[in-house]
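Some notes on the structure that comes next.
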Amino acid sequence: MSKRAEFGRRPKGNPLQRFSPEDRSRRQPTHRDADPGLIAAALRWSQQRPSGNWYAFAASRDIGRDRPYGTTIGGVELVAWRDERNTLHVGPGACPHLGAPLDDAEVDDAALICRWHGLRVEATGFARWRSLPGYDDGVLAWVRLDTIGQQTATDAPILGPRPNDTTVHAVTRLTGVCEPRDIIENRLDPWHGSWLHPYSFTRLDVTQAPPRHDITEENHRFVLTVTFRVSRRLGIPVEAEFTCPDPRTIVMRIVAGEGTGSVVETHATPLGHGPDGRPRTAVIEAVIANSERPGFRYARRALPVLRPLMTRAAARLWRDDLAYAERRYQLRTRRR
């Protein structure tokens, strides 16, 4: 019986399944399956994907109308804010007069008023300050930087599949000393899941992986079965796939089992170099939950409680995964 058929036959009642805790010393090692050549080939294929020059930089809900939001992408200082119609505006983060930080400015509808000398910077721009294309997908805020991306520009980010209703979501952001490719490489190694994160995953089995050669749109997916741990002996088994819609994004989507259609989008955004001269990359991860269960409507009402829990769980995973990505960056640059 196929894994998909097995998931299709699971009862629609309680999604929790009982399992026996694994003895780490008896757990099946995965190092033979985690072929470095295969992971490298999948990474090379992902880096050839079109991006449209779009970069995710914040949770949509973190940018409000009361004050500007400042960030840096690829060494470019940026500022973002919303006008009274809730439209997202993004532009250079330095005042064109004497370089004051515009993330400290006053928001006046579609304009920023610099605190140093009162210069009014309109979102429509002028000779010394031009706004940048921004995009709000309801979960994340994006900016298009053609000078950094240097690819064919698109009108909107290239998104992977999402649930029709994205209300139940949480966004986590962490920063690592590495490059975006190190973040993506981490996710293109699903075999590490139950070893590095035994507190979250068990019974992880990669059932489909790309070939080492001639990776295409049709065969680039990783597919796996895994049980998300709820307690020491209870978990929720699912089938999931990993895909790369652009070179700085990898999406895990549940394709069978509880929460089918739910996604975890991991975006790797380059920030620039730190004081030590090493690169910094922001991991911006959006968890978008979905369920066909009637009771799922209560999750929307419980968002103020659920969001911190979802964020805390993602942050715990990424503290471990950032250590993995940073180590891979150190080894890669040391060899140079």
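A note on labels: chains of the structure tokens are A, B, ... as shown, every chain counts residues from 1, and ligands are counted from 1 in their shown order.
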Residues within 10 Å of region 132-145 of chain A, only C-alpha atoms, excluding chain neighbours under 3 positions, as an MDAnalysis selection string: chainID A and resid 51:63 73:74 76 78:80 87:92 123:125 129 148:151 153:157 159 166:171 284:288
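The helix (DSSP H, G or I) portion of region 21-63 of chain A consists of Arg24, Ser25, Arg26, Pro36, Gly37, Leu38, Ile39, Ala40, Ala41, Ala42, Leu43, Arg44, Trp45, Ser46, Gln47, Ser60, Arg61 and Asp62 of chain A, with states taken from DSSP on the backbone.
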Export N, CA, C and O atoms of the chosen residues as a PDB file, in the first residue's frame?
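Wrote part-v6.pdb, looks like this:
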```pdb
ATOM      1  N   ARG A  24      17.496   6.561  20.959  1.00  0.00           N
ATOM      2  CA  ARG A  24      18.406   7.213  20.011  1.00  0.00           C
ATOM      3  C   ARG A  24      19.482   6.257  19.507  1.00  0.00           C
ATOM      4  O   ARG A  24      19.870   6.302  18.334  1.00  0.00           O
ATOM      5  N   SER A  25      19.964   5.373  20.381  1.00  0.00           N
ATOM      6  CA  SER A  25      21.025   4.460  19.972  1.00  0.00           C
ATOM      7  C   SER A  25      20.534   3.421  18.968  1.00  0.00           C
ATOM      8  O   SER A  25      21.339   2.817  18.256  1.00  0.00           O
ATOM      9  N   ARG A  26      19.199   3.203  18.921  1.00  0.00           N
ATOM     10  CA  ARG A  26      18.658   2.213  17.990  1.00  0.00           C
ATOM     11  C   ARG A  26      17.983   2.852  16.773  1.00  0.00           C
ATOM     12  O   ARG A  26      17.474   2.154  15.909  1.00  0.00           O
ATOM     13  N   PRO A  36      25.532  14.063   0.112  1.00  0.00           N
ATOM     14  CA  PRO A  36      25.969  15.449  -0.104  1.00  0.00           C
ATOM     15  C   PRO A  36      25.868  15.886  -1.562  1.00  0.00           C
ATOM     16  O   PRO A  36      25.539  17.048  -1.837  1.00  0.00           O
ATOM     17  N   GLY A  37      26.133  14.951  -2.488  1.00  0.00           N
ATOM     18  CA  GLY A  37      26.029  15.294  -3.907  1.00  0.00           C
ATOM     19  C   GLY A  37      24.606  15.605  -4.321  1.00  0.00           C
ATOM     20  O   GLY A  37      24.346  16.534  -5.109  1.00  0.00           O
ATOM     21  N   LEU A  38      23.654  14.849  -3.788  1.00  0.00           N
ATOM     22  CA  LEU A  38      22.242  15.091  -4.100  1.00  0.00           C
ATOM     23  C   LEU A  38      21.788  16.431  -3.528  1.00  0.00           C
ATOM     24  O   LEU A  38      21.110  17.217  -4.200  1.00  0.00           O
ATOM     25  N   ILE A  39      22.162  16.704  -2.269  1.00  0.00           N
ATOM     26  CA  ILE A  39      21.776  17.969  -1.641  1.00  0.00           C
ATOM     27  C   ILE A  39      22.378  19.137  -2.412  1.00  0.00           C
ATOM     28  O   ILE A  39      21.707  20.160  -2.652  1.00  0.00           O
ATOM     29  N   ALA A  40      23.636  18.996  -2.827  1.00  0.00           N
ATOM     30  CA  ALA A  40      24.288  20.063  -3.597  1.00  0.00           C
ATOM     31  C   ALA A  40      23.595  20.275  -4.936  1.00  0.00           C
ATOM     32  O   ALA A  40      23.430  21.416  -5.396  1.00  0.00           O
ATOM     33  N   ALA A  41      23.174  19.181  -5.586  1.00  0.00           N
ATOM     34  CA  ALA A  41      22.484  19.303  -6.872  1.00  0.00           C
ATOM     35  C   ALA A  41      21.136  19.996  -6.699  1.00  0.00           C
ATOM     36  O   ALA A  41      20.746  20.855  -7.512  1.00  0.00           O
ATOM     37  N   ALA A  42      20.404  19.644  -5.638  1.00  0.00           N
ATOM     38  CA  ALA A  42      19.121  20.297  -5.372  1.00  0.00           C
ATOM     39  C   ALA A  42      19.317  21.778  -5.080  1.00  0.00           C
ATOM     40  O   ALA A  42      18.514  22.621  -5.499  1.00  0.00           O
ATOM     41  N   LEU A  43      20.408  22.113  -4.364  1.00  0.00           N
ATOM     42  CA  LEU A  43      20.693  23.517  -4.076  1.00  0.00           C
ATOM     43  C   LEU A  43      21.011  24.274  -5.364  1.00  0.00           C
ATOM     44  O   LEU A  43      20.505  25.389  -5.573  1.00  0.00           O
ATOM     45  N   ARG A  44      21.833  23.697  -6.228  1.00  0.00           N
ATOM     46  CA  ARG A  44      22.170  24.366  -7.494  1.00  0.00           C
ATOM     47  C   ARG A  44      20.914  24.629  -8.306  1.00  0.00           C
ATOM     48  O   ARG A  44      20.758  25.707  -8.901  1.00  0.00           O
ATOM     49  N   TRP A  45      20.018  23.656  -8.356  1.00  0.00           N
ATOM     50  CA  TRP A  45      18.772  23.838  -9.117  1.00  0.00           C
ATOM     51  C   TRP A  45      17.945  24.962  -8.509  1.00  0.00           C
ATOM     52  O   TRP A  45      17.405  25.807  -9.227  1.00  0.00           O
ATOM     53  N   SER A  46      17.871  25.010  -7.191  1.00  0.00           N
ATOM     54  CA  SER A  46      17.058  26.049  -6.539  1.00  0.00           C
ATOM     55  C   SER A  46      17.607  27.443  -6.824  1.00  0.00           C
ATOM     56  O   SER A  46      16.836  28.397  -6.954  1.00  0.00           O
ATOM     57  N   GLN A  47      18.929  27.565  -6.907  1.00  0.00           N
ATOM     58  CA  GLN A  47      19.537  28.881  -7.118  1.00  0.00           C
ATOM     59  C   GLN A  47      19.354  29.395  -8.543  1.00  0.00           C
ATOM     60  O   GLN A  47      19.653  30.570  -8.818  1.00  0.00           O
ATOM     61  N   SER A  60       3.587  41.040   7.564  1.00  0.00           N
ATOM     62  CA  SER A  60       2.683  42.102   7.129  1.00  0.00           C
ATOM     63  C   SER A  60       2.134  42.886   8.312  1.00  0.00           C
ATOM     64  O   SER A  60       2.057  44.120   8.288  1.00  0.00           O
ATOM     65  N   ARG A  61       1.786  42.180   9.366  1.00  0.00           N
ATOM     66  CA  ARG A  61       1.162  42.825  10.519  1.00  0.00           C
ATOM     67  C   ARG A  61       2.144  43.654  11.338  1.00  0.00           C
ATOM     68  O   ARG A  61       1.737  44.414  12.215  1.00  0.00           O
ATOM     69  N   ASP A  62       3.448  43.546  11.085  1.00  0.00           N
ATOM     70  CA  ASP A  62       4.433  44.326  11.824  1.00  0.00           C
ATOM     71  C   ASP A  62       4.588  45.743  11.277  1.00  0.00           C
ATOM     72  O   ASP A  62       5.294  46.566  11.879  1.00  0.00           O
TER      73      ASP A  62
END
```
Shell around Arg248 (chain A) at 10 Å using only C-alpha atoms, local window under 3 positions removed, as a list in words: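 Selected residues are Ser46, Gln47, Arg49, Pro50, Ser51, Trp54, Tyr55, Ala56, Pro180, Arg181, Asp182, Ile183, Ile184, Cys244, Pro245, Thr266, His267, Ala268, Thr269, Pro270 and Val283 of chain A.
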So which residues of region 235-293 of chain A fall under strand (DSSP E) by DSSP, listed as a ChimeraX atom specification? /A:235-246,249-257,263-273,279-288
Can I get the selection written as a compact mmCIF listing (two decimals), in the first residue's frame, with C-alpha atoms?
```txt
# COMPACT_ATOMS: atom_id res chain seq x y z
CA GLY A 235 1.93 12.67 17.57
CA ILE A 236 0.21 13.70 14.36
CA PRO A 237 1.39 11.79 11.26
CA VAL A 238 1.39 13.65 7.94
CA GLU A 239 2.85 13.50 4.47
CA ALA A 240 4.65 16.63 3.30
CA GLU A 241 6.49 17.94 0.26
CA PHE A 242 9.33 20.47 -0.04
CA THR A 243 9.56 22.78 -3.08
CA CYS A 244 11.51 25.92 -4.03
CA PRO A 245 9.38 28.58 -5.76
CA ASP A 246 12.37 30.98 -5.88
CA THR A 249 12.45 30.36 -0.48
CA ILE A 250 11.61 26.78 0.38
CA VAL A 251 8.06 25.69 1.14
CA MET A 252 6.95 22.68 3.14
CA ARG A 253 3.33 21.83 2.36
CA ILE A 254 1.27 19.11 4.03
CA VAL A 255 -0.20 17.02 1.21
CA ALA A 256 -1.91 14.29 3.25
CA GLY A 257 -3.03 13.81 6.83
CA VAL A 263 2.39 25.42 4.62
CA VAL A 264 5.64 26.51 6.22
CA GLU A 265 7.39 29.10 4.05
CA THR A 266 11.06 29.68 4.85
CA HIS A 267 12.46 32.85 3.28
CA ALA A 268 16.19 33.65 3.40
CA THR A 269 16.81 37.38 3.00
CA PRO A 270 20.38 38.74 2.77
CA LEU A 271 20.88 41.70 5.11
CA GLY A 272 24.46 42.64 4.27
CA HIS A 273 27.70 42.27 6.17
CA PRO A 279 27.30 38.12 5.95
CA ARG A 280 24.04 38.22 7.86
CA THR A 281 20.88 36.50 6.63
CA ALA A 282 17.38 36.86 8.04
CA VAL A 283 15.28 33.73 8.28
CA ILE A 284 11.69 34.86 7.88
CA GLU A 285 9.41 31.88 8.36
CA ALA A 286 5.65 32.00 7.85
CA VAL A 287 3.52 29.15 9.19
CA ILE A 288 0.06 29.18 7.58
```
